[in-house]
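Reproduced below: target38.cif, with mmCIF, C-alpha atoms.
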data_model
#
loop_
_atom_site.label_atom_id
_atom_site.label_comp_id
_atom_site.auth_asym_id
_atom_site.auth_seq_id
_atom_site.Cartn_x
_atom_site.Cartn_y
_atom_site.Cartn_z
CA MET A 160 -0.47 3.32 -16.34
CA GLN A 161 1.09 5.42 -19.02
CA ARG A 162 -0.74 8.33 -20.51
CA ARG A 163 1.83 10.16 -22.48
CA GLY A 164 4.95 8.14 -22.10
CA THR A 165 5.75 6.54 -18.81
CA THR A 166 9.47 6.11 -19.24
CA THR A 167 11.47 3.28 -17.76
CA LYS A 168 12.79 5.78 -15.26
CA ASP A 169 9.26 6.68 -14.15
CA ILE A 170 8.42 3.02 -13.61
CA VAL A 171 11.56 2.45 -11.58
CA TYR A 172 10.92 5.51 -9.43
CA ILE A 173 7.36 4.34 -8.84
CA ALA A 174 8.47 0.80 -7.99
CA LEU A 175 11.36 1.79 -5.73
CA PHE A 176 9.31 4.33 -3.86
CA ALA A 177 6.69 1.64 -3.26
CA ALA A 178 9.50 -0.48 -1.82
CA PHE A 179 10.55 2.50 0.30
CA MET A 180 6.98 2.67 1.67
CA ALA A 181 7.34 -0.98 2.61
CA ALA A 182 10.65 -0.28 4.34
CA LEU A 183 8.98 2.44 6.41
CA GLY A 184 6.63 -0.27 7.69
CA ILE A 185 9.39 -2.00 9.65
CA PHE A 186 9.49 0.80 12.20
CA PRO A 187 7.26 -0.04 15.11
CA PRO A 188 3.92 1.79 15.11
CA VAL A 189 2.33 3.53 18.04
CA MET A 190 -1.21 2.26 18.43
CA LEU A 191 -3.44 5.01 19.72
CA PRO A 192 -6.19 3.72 21.98
CA LEU A 193 -9.90 4.25 21.39
CA ILE A 194 -10.27 3.94 17.64
CA GLY A 195 -7.36 1.75 16.65
CA VAL A 196 -5.69 3.76 13.90
CA PRO A 197 -1.99 3.00 14.22
CA VAL A 198 0.31 6.02 14.03
CA THR A 199 3.30 5.02 11.98
CA ALA A 200 6.30 6.28 10.07
CA GLN A 201 4.65 4.71 7.06
CA SER A 202 1.84 7.24 7.04
CA MET A 203 4.47 9.86 6.19
CA GLY A 204 5.02 7.94 2.96
CA PRO A 205 2.19 9.41 0.89
CA MET A 206 3.28 12.97 1.69
CA LEU A 207 6.89 12.11 0.79
CA ALA A 208 5.84 10.31 -2.39
CA GLY A 209 3.90 13.31 -3.63
CA ALA A 210 6.45 15.88 -2.51
CA ILE A 211 9.39 14.05 -4.09
CA LEU A 212 8.01 12.25 -7.14
CA GLY A 213 5.19 14.63 -8.07
CA ALA A 214 1.47 14.01 -8.44
CA ARG A 215 1.26 11.24 -10.98
CA ARG A 216 4.30 9.15 -10.06
CA GLY A 217 3.66 9.70 -6.36
CA ALA A 218 0.07 8.53 -6.53
CA LEU A 219 1.03 5.54 -8.70
CA SER A 220 3.76 4.48 -6.30
CA ILE A 221 1.27 4.48 -3.41
CA LEU A 222 -1.19 2.59 -5.59
CA LEU A 223 1.49 0.01 -6.36
CA PHE A 224 2.33 -0.29 -2.68
CA LEU A 225 -1.36 -0.89 -1.87
CA ALA A 226 -1.55 -3.45 -4.68
CA LEU A 227 1.38 -5.31 -3.12
CA VAL A 228 -0.46 -5.25 0.20
CA ALA A 229 -3.62 -6.46 -1.52
CA VAL A 230 -1.90 -9.47 -3.05
CA GLY A 231 -1.01 -10.52 0.47
CA LEU A 232 2.39 -9.17 1.40
CA PRO A 233 2.44 -8.14 5.06
CA LEU A 234 3.87 -4.71 4.33
CA LEU A 235 1.63 -2.44 6.33
CA ALA A 236 2.96 -1.33 9.68
CA ALA A 237 2.59 -4.08 12.28
CA GLY A 238 2.83 -6.68 9.54
CA ARG A 239 -0.70 -6.39 8.29
CA GLY A 240 -1.56 -7.21 4.71
CA GLY A 241 -3.88 -9.07 2.42
CA LEU A 242 -7.20 -8.06 0.99
CA GLY A 243 -8.79 -7.99 4.42
CA VAL A 244 -7.27 -4.64 5.35
CA PHE A 245 -9.24 -2.97 2.56
CA PHE A 246 -12.56 -3.77 4.16
CA GLY A 247 -11.96 -2.57 7.71
CA PRO A 248 -13.18 0.67 9.28
CA THR A 249 -9.90 2.46 8.62
CA ALA A 250 -9.47 1.31 5.03
CA GLY A 251 -10.62 4.71 3.77
CA TYR A 252 -7.31 6.12 4.91
CA LEU A 253 -5.47 3.61 2.73
CA PHE A 254 -7.44 4.67 -0.34
CA GLY A 255 -7.03 8.25 0.83
CA TRP A 256 -3.24 7.81 0.67
CA VAL A 257 -3.41 7.69 -3.12
CA ALA A 258 -5.43 10.90 -3.32
CA ALA A 259 -3.24 12.50 -0.67
CA ALA A 260 -0.05 11.67 -2.58
CA PHE A 261 -1.61 13.10 -5.73
CA ALA A 262 -2.72 16.30 -4.01
CA VAL A 263 0.60 16.81 -2.24
CA GLY A 264 2.39 16.16 -5.54
CA ALA A 265 0.21 18.52 -7.55
CA LEU A 266 0.73 21.30 -5.00
CA HIS A 267 4.49 20.75 -4.94
CA GLU A 268 4.66 20.82 -8.74
CA TRP A 269 2.69 24.03 -8.70
CA GLY A 270 4.87 25.71 -6.10
CA TRP A 271 8.12 24.00 -7.09
CA ASN A 272 10.14 27.08 -7.99
CA ARG A 273 9.65 28.86 -4.70
CA LEU A 274 9.47 25.80 -2.47
CA ASN A 275 10.67 26.20 1.10
CA VAL A 276 9.98 24.40 4.34
CA VAL A 277 6.94 26.58 5.08
CA THR A 278 5.20 26.19 1.74
CA SER A 279 6.09 22.52 1.62
CA PHE A 280 4.58 22.08 5.09
CA VAL A 281 1.36 23.79 3.97
CA PHE A 282 1.19 21.59 0.86
CA CYS A 283 1.82 18.42 2.90
CA ALA A 284 -0.84 19.43 5.42
CA LEU A 285 -3.42 20.24 2.74
CA GLY A 286 -2.88 17.00 0.87
CA GLY A 287 -1.82 14.69 3.66
CA ILE A 288 -4.33 15.84 6.25
CA VAL A 289 -7.27 17.67 4.62
CA VAL A 290 -7.61 15.44 1.56
CA LEU A 291 -6.78 12.30 3.53
CA TYR A 292 -9.36 12.93 6.23
CA ALA A 293 -11.95 13.98 3.65
CA ILE A 294 -11.82 10.39 2.43
CA GLY A 295 -10.98 8.55 5.64
CA ILE A 296 -13.66 10.02 7.89
CA PRO A 297 -16.70 9.35 5.66
CA TRP A 298 -15.43 5.82 5.02
CA THR A 299 -15.20 5.11 8.75
CA ALA A 300 -18.61 6.67 9.35
CA VAL A 301 -20.28 4.49 6.69
CA ASN A 302 -18.34 1.35 7.56
CA VAL A 303 -19.08 1.64 11.24
CA GLY A 304 -22.53 3.17 10.95
CA LEU A 305 -21.79 6.18 13.13
CA PRO A 306 -22.84 9.77 12.37
CA LEU A 307 -20.27 11.79 10.46
CA THR A 308 -19.76 14.41 13.17
CA LYS A 309 -19.04 11.87 15.90
CA THR A 310 -16.55 10.09 13.64
CA ALA A 311 -14.90 13.40 12.79
CA ILE A 312 -14.53 14.29 16.46
CA ALA A 313 -13.00 10.90 17.24
CA SER A 314 -10.60 11.28 14.30
CA ALA A 315 -9.46 14.73 15.40
CA ALA A 316 -7.25 13.01 17.96
CA PHE A 317 -4.86 12.11 15.15
CA ILE A 318 -4.44 15.58 13.75
CA PRO A 319 -1.58 16.65 16.09
CA GLY A 320 0.44 13.60 15.08
CA ASP A 321 -0.23 14.28 11.43
CA VAL A 322 0.81 17.91 11.74
CA VAL A 323 4.15 16.74 13.13
CA LYS A 324 4.47 14.33 10.22
CA ALA A 325 3.71 17.05 7.71
CA GLY A 326 6.50 19.13 9.26
CA LEU A 327 8.98 16.25 9.06
CA ALA A 328 7.93 15.47 5.48
CA ALA A 329 8.44 19.13 4.54
CA ILE A 330 11.97 19.17 5.97
CA VAL A 331 12.83 15.99 4.09
CA ALA A 332 11.17 17.16 0.87
CA VAL A 333 13.05 20.46 0.79
CA SER A 334 16.37 18.76 1.52
CA VAL A 335 15.77 16.20 -1.21
CA LYS A 336 14.89 18.98 -3.62
CA ARG A 337 18.24 20.54 -2.88
CA SER A 338 20.28 17.35 -3.24
CA TYR A 339 18.35 15.20 -5.69
CA PRO A 340 15.42 16.94 -7.38
CA ILE A 341 13.07 14.65 -9.32
CA ILE A 342 10.15 16.92 -10.11
CA GLN A 343 10.90 18.97 -13.20
CA ARG A 344 9.76 22.54 -13.08
CA THR A 345 6.64 22.72 -15.16
CA ALA A 346 6.44 25.78 -17.35
CA MET B 201 0.58 -14.57 0.19
CA ARG B 202 -0.10 -18.22 0.26
CA SER B 203 1.51 -19.40 3.42
CA ARG B 204 0.95 -23.05 2.95
CA GLY B 205 2.47 -26.11 4.40
CA GLU B 206 1.08 -29.11 2.66
CA ILE B 207 -2.38 -27.65 2.65
CA SER B 208 -4.14 -27.71 -0.64
CA SER B 209 -7.77 -27.99 -1.50
CA PHE B 210 -10.03 -27.47 -4.47
CA LEU B 211 -10.49 -23.95 -3.14
CA HIS B 212 -6.76 -23.34 -3.47
CA GLU B 213 -6.91 -24.47 -7.08
CA LEU B 214 -9.68 -22.13 -8.20
CA PRO B 215 -8.45 -19.42 -10.59
CA ALA B 216 -7.38 -16.26 -8.80
CA ALA B 217 -9.51 -14.06 -11.04
CA ALA B 218 -12.65 -16.01 -10.12
CA LYS B 219 -11.95 -15.66 -6.42
CA LEU B 220 -11.35 -11.93 -6.78
CA LEU B 221 -14.62 -11.51 -8.68
CA VAL B 222 -16.57 -13.39 -6.02
CA LEU B 223 -14.91 -11.30 -3.33
CA ALA B 224 -15.81 -8.06 -5.09
CA GLY B 225 -19.40 -9.25 -5.45
CA ALA B 226 -19.64 -10.35 -1.84
CA GLY B 227 -18.06 -7.11 -0.68
CA THR B 228 -20.72 -5.06 -2.40
CA GLY B 229 -23.52 -7.42 -1.43
CA LEU B 230 -22.73 -7.57 2.28
CA VAL B 231 -22.73 -3.79 2.61
CA LEU B 232 -26.25 -3.69 1.20
CA VAL B 233 -27.63 -6.46 3.41
CA GLY B 234 -29.32 -5.13 6.52
CA SER B 235 -30.71 -8.31 8.00
CA LEU B 236 -29.06 -10.00 10.93
CA PRO B 237 -29.93 -13.62 10.01
CA VAL B 238 -28.61 -13.19 6.46
CA LEU B 239 -25.34 -11.72 7.73
CA ALA B 240 -25.01 -14.44 10.34
CA GLY B 241 -25.52 -16.95 7.53
CA ALA B 242 -22.81 -15.27 5.45
CA PHE B 243 -20.46 -15.34 8.44
CA LEU B 244 -21.04 -19.05 8.99
CA ALA B 245 -20.63 -19.74 5.28
CA THR B 246 -17.27 -17.98 5.40
CA LEU B 247 -16.19 -20.12 8.33
CA LEU B 248 -17.31 -23.16 6.34
CA LEU B 249 -14.99 -22.06 3.52
CA TYR B 250 -12.08 -21.92 5.96
CA TRP B 251 -12.94 -25.39 7.15
CA LEU B 252 -13.23 -26.74 3.60
CA ALA B 253 -9.85 -25.26 2.70
CA GLY B 254 -8.25 -26.90 5.71
CA ILE B 255 -7.17 -23.63 7.32
CA SER B 256 -6.66 -24.02 11.03
CA ARG B 257 -8.94 -22.24 13.47
CA ARG B 258 -5.94 -20.45 14.89
CA GLN B 259 -4.95 -19.05 11.53
CA ALA B 260 -8.52 -17.96 10.85
CA PHE B 261 -8.68 -16.16 14.17
CA GLN B 262 -5.38 -14.43 13.46
CA GLN B 263 -7.00 -12.63 10.54
CA LEU B 264 -9.35 -10.85 12.93
CA ARG B 265 -7.06 -10.42 15.89
CA PRO B 266 -5.60 -7.01 14.94
CA LEU B 267 -9.14 -5.64 14.82
CA LEU B 268 -10.54 -7.46 17.81
CA TRP B 269 -10.52 -4.57 20.26
CA LEU B 270 -11.87 -2.23 17.67
CA LEU B 271 -14.74 -4.63 16.99
CA VAL B 272 -15.56 -4.98 20.69
CA LEU B 273 -15.49 -1.22 21.09
CA LEU B 274 -17.69 -0.72 18.04
CA PHE B 275 -20.22 -3.17 19.38
CA ILE B 276 -20.41 -1.34 22.70
CA VAL B 277 -20.55 2.14 21.12
CA GLN B 278 -23.28 1.07 18.72
CA GLY B 279 -25.16 -0.69 21.47
CA VAL B 280 -25.16 2.29 23.78
CA TRP B 281 -25.77 4.98 21.17
CA GLN B 282 -27.97 3.18 18.68
CA SER B 283 -29.09 -0.39 19.27
CA TRP B 284 -27.47 -3.70 20.14
CA GLU B 285 -28.88 -5.23 16.99
CA LEU B 286 -27.13 -2.64 14.85
CA GLY B 287 -23.95 -3.29 16.81
CA ALA B 288 -24.12 -6.99 16.03
CA LEU B 289 -24.88 -6.20 12.40
CA VAL B 290 -21.85 -3.94 11.96
CA VAL B 291 -19.46 -6.27 13.75
CA LEU B 292 -20.68 -9.30 11.78
CA ARG B 293 -20.43 -7.45 8.49
CA ILE B 294 -16.87 -6.24 9.09
CA SER B 295 -15.71 -9.63 10.38
CA THR B 296 -17.24 -11.48 7.44
CA LEU B 297 -15.71 -9.15 4.87
CA ILE B 298 -12.28 -9.31 6.47
CA LEU B 299 -12.37 -13.08 6.80
CA LEU B 300 -13.54 -13.47 3.23
CA ALA B 301 -10.84 -11.18 1.83
CA ALA B 302 -8.18 -12.87 3.95
CA PHE B 303 -9.47 -16.20 2.67
CA VAL B 304 -8.67 -15.22 -0.92
CA THR B 305 -5.22 -14.17 0.17
CA LEU B 306 -4.60 -17.34 2.17
CA THR B 307 -5.64 -19.68 -0.63
CA THR B 308 -4.01 -17.92 -3.56
CA ARG B 309 -0.38 -17.55 -4.43
CA THR B 310 1.00 -14.03 -4.74
CA ASP B 311 2.24 -14.61 -8.27
CA ALA B 312 -1.19 -15.90 -9.32
CA LEU B 313 -2.78 -12.73 -7.95
CA ILE B 314 -0.26 -10.53 -9.77
CA ALA B 315 -0.89 -12.45 -12.98
CA ALA B 316 -4.64 -11.98 -12.48
CA VAL B 317 -4.12 -8.25 -12.00
CA GLU B 318 -2.02 -8.08 -15.16
CA SER B 319 -4.59 -9.90 -17.27
CA ALA B 320 -7.42 -7.88 -15.75
CA LEU B 321 -5.61 -4.77 -16.98
CA THR B 322 -5.43 -5.97 -20.58
CA PRO B 323 -8.77 -4.39 -21.58
CA PHE B 324 -7.48 -1.04 -20.32
CA ARG B 325 -4.78 -1.01 -22.98
CA ARG B 326 -6.85 1.36 -25.06
CA PHE B 327 -6.74 3.84 -22.17
CA GLY B 328 -2.98 3.73 -22.20
CA VAL B 329 -2.43 1.12 -19.51
CA ASN B 330 0.41 -1.19 -20.41
CA PRO B 331 0.09 -4.44 -18.43
CA ALA B 332 3.71 -5.35 -19.06
CA LYS B 333 4.85 -2.12 -17.47
CA VAL B 334 2.61 -2.74 -14.49
CA GLY B 335 4.15 -6.19 -14.23
CA LEU B 336 7.64 -4.70 -14.37
CA ALA B 337 6.76 -2.26 -11.59
CA PHE B 338 5.43 -5.13 -9.44
CA SER B 339 8.55 -7.25 -9.92
CA LEU B 340 10.89 -4.35 -9.29
CA ALA B 341 9.12 -3.34 -6.10
CA LEU B 342 9.11 -6.94 -4.85
CA ARG B 343 12.80 -7.30 -5.60
CA PHE B 344 13.77 -4.05 -3.93
CA ILE B 345 11.80 -4.29 -0.70
CA PRO B 346 14.50 -6.36 1.02
CA VAL B 347 17.26 -4.16 -0.43
CA ILE B 348 15.73 -0.94 0.84
CA ALA B 349 14.75 -2.45 4.18
CA GLN B 350 18.37 -3.54 4.59
CA GLN B 351 19.58 -0.03 3.81
CA ALA B 352 17.10 1.39 6.31
CA ASN B 353 18.63 -0.85 8.95
CA ASP B 354 22.19 0.09 7.95
CA ILE B 355 21.41 3.79 8.11
CA ARG B 356 19.70 3.38 11.45
CA ASP B 357 22.72 1.55 12.85
CA ALA B 358 25.04 4.25 11.54
CA GLN B 359 22.92 7.00 13.08
CA ARG B 360 22.77 5.19 16.37
CA ALA B 361 26.55 4.83 16.39
CA ARG B 362 26.75 8.59 16.04
CA GLY B 363 24.26 9.05 18.84
CA LEU B 364 21.46 10.34 16.67
CA GLY B 365 18.90 8.04 18.25
CA ALA B 366 15.47 7.93 16.68
CA ASN B 367 15.54 10.93 14.40
CA PRO B 368 13.09 10.30 11.54
CA VAL B 369 14.59 12.98 9.29
CA ALA B 370 18.11 11.63 9.71
CA LEU B 371 16.78 8.27 8.61
CA ALA B 372 14.36 9.20 5.84
CA LEU B 373 16.60 11.68 4.07
CA PRO B 374 19.61 9.45 3.30
CA LEU B 375 17.28 6.53 2.64
CA ILE B 376 15.31 8.47 0.03
CA VAL B 377 18.41 9.85 -1.67
CA ARG B 378 19.92 6.36 -1.84
CA THR B 379 16.64 4.99 -3.19
CA LEU B 380 16.46 7.64 -5.91
CA ARG B 381 20.11 7.10 -6.91
CA MET B 382 19.51 3.38 -7.09
CA ALA B 383 16.38 3.94 -9.18
CA SER B 384 18.34 6.02 -11.63
CA ASP B 385 21.00 3.29 -12.00
CA VAL B 386 18.39 0.57 -12.38
CA ALA B 387 16.52 2.54 -15.05
CA ASP B 388 19.75 3.05 -16.98
CA ALA B 389 20.52 -0.66 -16.68
CA ILE B 390 17.10 -1.64 -17.97
CA ASP B 391 17.32 0.73 -20.90
CA ALA B 392 20.87 -0.32 -21.71
CA ARG B 393 20.10 -4.02 -21.68
CA SER B 394 16.62 -4.09 -23.04
CA PRO B 395 16.03 -4.36 -26.76
CA TYR B 396 12.57 -3.05 -25.91
CA SER B 397 13.81 0.21 -24.51
CA ASP B 398 11.05 2.74 -24.68
CA HIS B 399 13.29 5.60 -25.67
CA SER B 400 12.21 4.75 -29.17
CA GLY B 401 8.59 5.51 -28.39
CA ASP B 402 5.63 4.70 -26.25
CA GLU B 403 4.68 1.61 -28.16
CA GLY B 404 7.83 -0.19 -27.10
CA GLU B 405 6.77 -3.49 -25.61
CA LEU B 406 8.40 -4.92 -22.56
CA PRO B 407 8.77 -8.65 -22.31
CA PRO B 408 6.25 -10.30 -20.00
CA ARG B 409 8.38 -10.18 -16.95
CA PHE B 410 11.72 -8.73 -16.04
CA VAL B 411 13.55 -10.32 -13.19
CA LEU B 412 16.43 -8.84 -11.38
CA GLN B 413 19.13 -11.30 -10.54
CA PRO B 414 19.70 -11.46 -6.83
CA ASN B 415 23.17 -10.68 -5.50
CA THR B 416 23.96 -8.05 -8.08
CA SER B 417 22.91 -4.99 -6.25
CA ASN B 418 21.47 -2.91 -9.01
CA ALA B 419 22.63 -3.73 -12.42
CA ARG B 420 21.96 -7.02 -14.07
CA MET B 421 18.62 -7.73 -15.62
CA SER B 422 17.38 -10.77 -17.40
CA CYS B 423 14.03 -11.44 -18.87
CA ASN B 424 12.65 -14.84 -18.08
CA ASP B 425 9.43 -16.05 -16.63
CA ALA B 426 10.71 -17.03 -13.23
CA GLU B 427 9.47 -15.23 -10.16
CA PRO B 428 11.51 -12.51 -8.54
CA GLN B 429 13.79 -13.98 -5.95
CA LEU B 430 12.73 -12.56 -2.64
CA LYS B 431 15.23 -13.02 0.09
CA THR B 432 13.31 -13.56 3.27
#

Translate this structure into structure tokens?
Amino acid sequence: MQRRGTTTKDIVYIALFAAFMAALGIFPPVMLPLIGVPVTAQSMGPMLAGAILGARRGALSILLFLALVAVGLPLLAAGRGGLGVFFGPTAGYLFGWVAAAFAVGALHEWGWNRLNVVTSFVFCALGGIVVLYAIGIPWTAVNVGLPLTKTAIASAAFIPGDVVKAGLAAIVAVSVKRSYPIIQRTA
Amino acid sequence: MRSRGEISSFLHELPAAAKLLVLAGAGTGLVLVGSLPVLAGAFLATLLLYWLAGISRRQAFQQLRPLLWLLVLLFIVQGVWQSWELGALVVLRISTLILLAAFVTLTTRTDALIAAVESALTPFRRFGVNPAKVGLAFSLALRFIPVIAQQANDIRDAQRARGLGANPVALALPLIVRTLRMASDVADAIDARSPYSDHSGDEGELPPRFVLQPNTSNARMSCNDAEPQLKT
């Protein structure tokens, strides 16, 4: 978990952000009909983790959150949990969260000095939608045995919701940068 | 999470690591199997496991219930577009995998699974993974879930009192800032109280498990082997 020095502070940020992800799960999800992917406040978590903690800590905090789910805590929205959720048709999006948090974090670190709501929104959308779907859609297609294009079309229904989430995450990320910045500017 | 009453069976007593290994093997194997009778056999064998472990039929069904409509829909879509046999295959495979994974969860205690994860990480030491730090992160997250959930509720109540309704930004922003502040305090507390503080270098070892004392909001740490006290 540590490559060059994971400080105590890093660990605590990772752990407490994982707990924050869990807290987001208590808000009731909206279950979209047809394919069964729940739309939740929690799915804003990976964007926020990356945008606030940066690539490495953000991805690790999502990984820790998923590990807590895997050991059986019912932390996912709608009280789901346990190893079973990692085998379903939408499990690719859970794994995709880690990559999404990393991508969002890497982009925010890169553009940290001139971050504003617009750039932050673009970063959140690239990581939290493009990267996420790039993992989630093929997983669903393989798991369900449907052609990739049909799965992609069915998944497109979620993009409007995710765009809204990216906007909200950007507003939050920029405000947090102003009041409590965690990412250090990298030279 | 092992939600057990008095239930215990030899399956509950198996080491967590062994169960996880079998699950990983079965997970890979079932994806490769393309024969309906074999999958049906695997499904029945999984149900047999539930029966042997004394898990009620209701509880077993509950593992699948969130996905039930999705499974029905999948079966129909596959049947219409491809073939009914493929539909049955896909639905059986997903159900078996989910039941099997949920079985491991139902028959194994959370702390045993965390311990298994920690020991499974030991060989990765040479790649810079420190199992003790992973363990610390697990315990901290477990301890702080109820704290942060409580704060989320408090903030939501406060916003509602001011007529802010369901505004996700008004909720997330103060919650995140509070979480980060708390994290900073907790990190200082750990470093101040730990003789293993890693300011001295990366090789600093943490004791096997840190546990936060309940009812002190963010300061006191002690290192013993007890489980984190989750208020539920």

For this session: Starting from the shown file, work through the PyMOL selection byres ((chain A) within 8 of (chain B)) and note down what comes out as an MDAnalysis selection string.
Result: chainID A and resid 160:168 170:179 181:183 185 193:195 223 227 230:232 241:244 246:248 302:305 327 330:331 334:335 338:339

Since we have the selection now, will you write its residues out, keeping C-alpha atoms, as a CSV table (one decimal), keeping the file's coordinate frame?
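Ended up saving to result35.csv:
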chain,number,residue,atom,x,y,z
A,160,MET,CA,-0.5,3.3,-16.3
A,161,GLN,CA,1.1,5.4,-19.0
A,162,ARG,CA,-0.7,8.3,-20.5
A,163,ARG,CA,1.8,10.2,-22.5
A,164,GLY,CA,5.0,8.1,-22.1
A,165,THR,CA,5.8,6.5,-18.8
A,166,THR,CA,9.5,6.1,-19.2
A,167,THR,CA,11.5,3.3,-17.8
A,168,LYS,CA,12.8,5.8,-15.3
A,170,ILE,CA,8.4,3.0,-13.6
A,171,VAL,CA,11.6,2.4,-11.6
A,172,TYR,CA,10.9,5.5,-9.4
A,173,ILE,CA,7.4,4.3,-8.8
A,174,ALA,CA,8.5,0.8,-8.0
A,175,LEU,CA,11.4,1.8,-5.7
A,176,PHE,CA,9.3,4.3,-3.9
A,177,ALA,CA,6.7,1.6,-3.3
A,178,ALA,CA,9.5,-0.5,-1.8
A,179,PHE,CA,10.6,2.5,0.3
A,181,ALA,CA,7.3,-1.0,2.6
A,182,ALA,CA,10.6,-0.3,4.3
A,183,LEU,CA,9.0,2.4,6.4
A,185,ILE,CA,9.4,-2.0,9.6
A,193,LEU,CA,-9.9,4.2,21.4
A,194,ILE,CA,-10.3,3.9,17.6
A,195,GLY,CA,-7.4,1.8,16.6
A,223,LEU,CA,1.5,0.0,-6.4
A,227,LEU,CA,1.4,-5.3,-3.1
A,230,VAL,CA,-1.9,-9.5,-3.0
A,231,GLY,CA,-1.0,-10.5,0.5
A,232,LEU,CA,2.4,-9.2,1.4
A,241,GLY,CA,-3.9,-9.1,2.4
A,242,LEU,CA,-7.2,-8.1,1.0
A,243,GLY,CA,-8.8,-8.0,4.4
A,244,VAL,CA,-7.3,-4.6,5.4
A,246,PHE,CA,-12.6,-3.8,4.2
A,247,GLY,CA,-12.0,-2.6,7.7
A,248,PRO,CA,-13.2,0.7,9.3
A,302,ASN,CA,-18.3,1.4,7.6
A,303,VAL,CA,-19.1,1.6,11.2
A,304,GLY,CA,-22.5,3.2,11.0
A,305,LEU,CA,-21.8,6.2,13.1
A,327,LEU,CA,9.0,16.2,9.1
A,330,ILE,CA,12.0,19.2,6.0
A,331,VAL,CA,12.8,16.0,4.1
A,334,SER,CA,16.4,18.8,1.5
A,335,VAL,CA,15.8,16.2,-1.2
A,338,SER,CA,20.3,17.4,-3.2
A,339,TYR,CA,18.4,15.2,-5.7

For this session: Using atom CA of Trp298 of chain A and atom CA of Leu249 of chain B as the two end points, give the distance in Å to one decimal.
Result: 27.9 Å

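Interatomic distance, atom CA of Ala259 of chain A to atom CA of Gly286 of chain A: 4.8 Å.
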
Given the file shown, enumerate the residues that the PyMOL selection byres ((chain A and resi 275-277) around 9) captures and present them as an mmCIF file with C-alpha atoms, in the frame of the given file.
data_model
loop_
_atom_site.group_PDB
_atom_site.id
_atom_site.type_symbol
_atom_site.label_atom_id
_atom_site.label_comp_id
_atom_site.auth_asym_id
_atom_site.auth_seq_id
_atom_site.Cartn_x
_atom_site.Cartn_y
_atom_site.Cartn_z
ATOM 1 C CA TRP A 271 8.120 24.000 -7.090
ATOM 2 C CA ARG A 273 9.650 28.860 -4.700
ATOM 3 C CA LEU A 274 9.470 25.800 -2.470
ATOM 4 C CA THR A 278 5.200 26.190 1.740
ATOM 5 C CA SER A 279 6.090 22.520 1.620
ATOM 6 C CA PHE A 280 4.580 22.080 5.090
ATOM 7 C CA VAL A 281 1.360 23.790 3.970
ATOM 8 C CA PHE A 282 1.190 21.590 0.860
ATOM 9 C CA GLY A 326 6.500 19.130 9.260
ATOM 10 C CA ALA A 329 8.440 19.130 4.540
ATOM 11 C CA ILE A 330 11.970 19.170 5.970
ATOM 12 C CA VAL A 331 12.830 15.990 4.090
ATOM 13 C CA ALA A 332 11.170 17.160 0.870
ATOM 14 C CA VAL A 333 13.050 20.460 0.790
ATOM 15 C CA SER A 334 16.370 18.760 1.520
#

Can you rebuild segment 173-180 of chain A with N, CA, C and O atoms and give it as a JSON list (two decimals), in the coordinates of the input?
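See result_30.json below for the written result:
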[["chain", "number", "residue", "atom", "x", "y", "z"],
["A", 173, "ILE", "N", 8.62, 4.77, -9.45],
["A", 173, "ILE", "CA", 7.36, 4.34, -8.84],
["A", 173, "ILE", "C", 7.57, 3.06, -8.02],
["A", 173, "ILE", "O", 7.16, 2.95, -6.87],
["A", 174, "ALA", "N", 8.28, 2.10, -8.65],
["A", 174, "ALA", "CA", 8.47, 0.80, -7.99],
["A", 174, "ALA", "C", 9.35, 0.95, -6.74],
["A", 174, "ALA", "O", 9.04, 0.40, -5.68],
["A", 175, "LEU", "N", 10.44, 1.71, -6.88],
["A", 175, "LEU", "CA", 11.36, 1.79, -5.73],
["A", 175, "LEU", "C", 10.78, 2.63, -4.60],
["A", 175, "LEU", "O", 11.07, 2.39, -3.43],
["A", 176, "PHE", "N", 9.94, 3.58, -4.94],
["A", 176, "PHE", "CA", 9.31, 4.33, -3.86],
["A", 176, "PHE", "C", 8.26, 3.47, -3.14],
["A", 176, "PHE", "O", 8.07, 3.60, -1.93],
["A", 177, "ALA", "N", 7.61, 2.58, -3.91],
["A", 177, "ALA", "CA", 6.69, 1.64, -3.26],
["A", 177, "ALA", "C", 7.47, 0.75, -2.29],
["A", 177, "ALA", "O", 7.01, 0.47, -1.17],
["A", 178, "ALA", "N", 8.66, 0.33, -2.71],
["A", 178, "ALA", "CA", 9.50, -0.48, -1.82],
["A", 178, "ALA", "C", 9.94, 0.33, -0.61],
["A", 178, "ALA", "O", 10.03, -0.19, 0.51],
["A", 179, "PHE", "N", 10.19, 1.62, -0.81],
["A", 179, "PHE", "CA", 10.55, 2.50, 0.30],
["A", 179, "PHE", "C", 9.40, 2.59, 1.31],
["A", 179, "PHE", "O", 9.62, 2.54, 2.53],
["A", 180, "MET", "N", 8.17, 2.69, 0.79],
["A", 180, "MET", "CA", 6.98, 2.67, 1.67],
["A", 180, "MET", "C", 6.99, 1.41, 2.54],
["A", 180, "MET", "O", 6.68, 1.45, 3.73]]
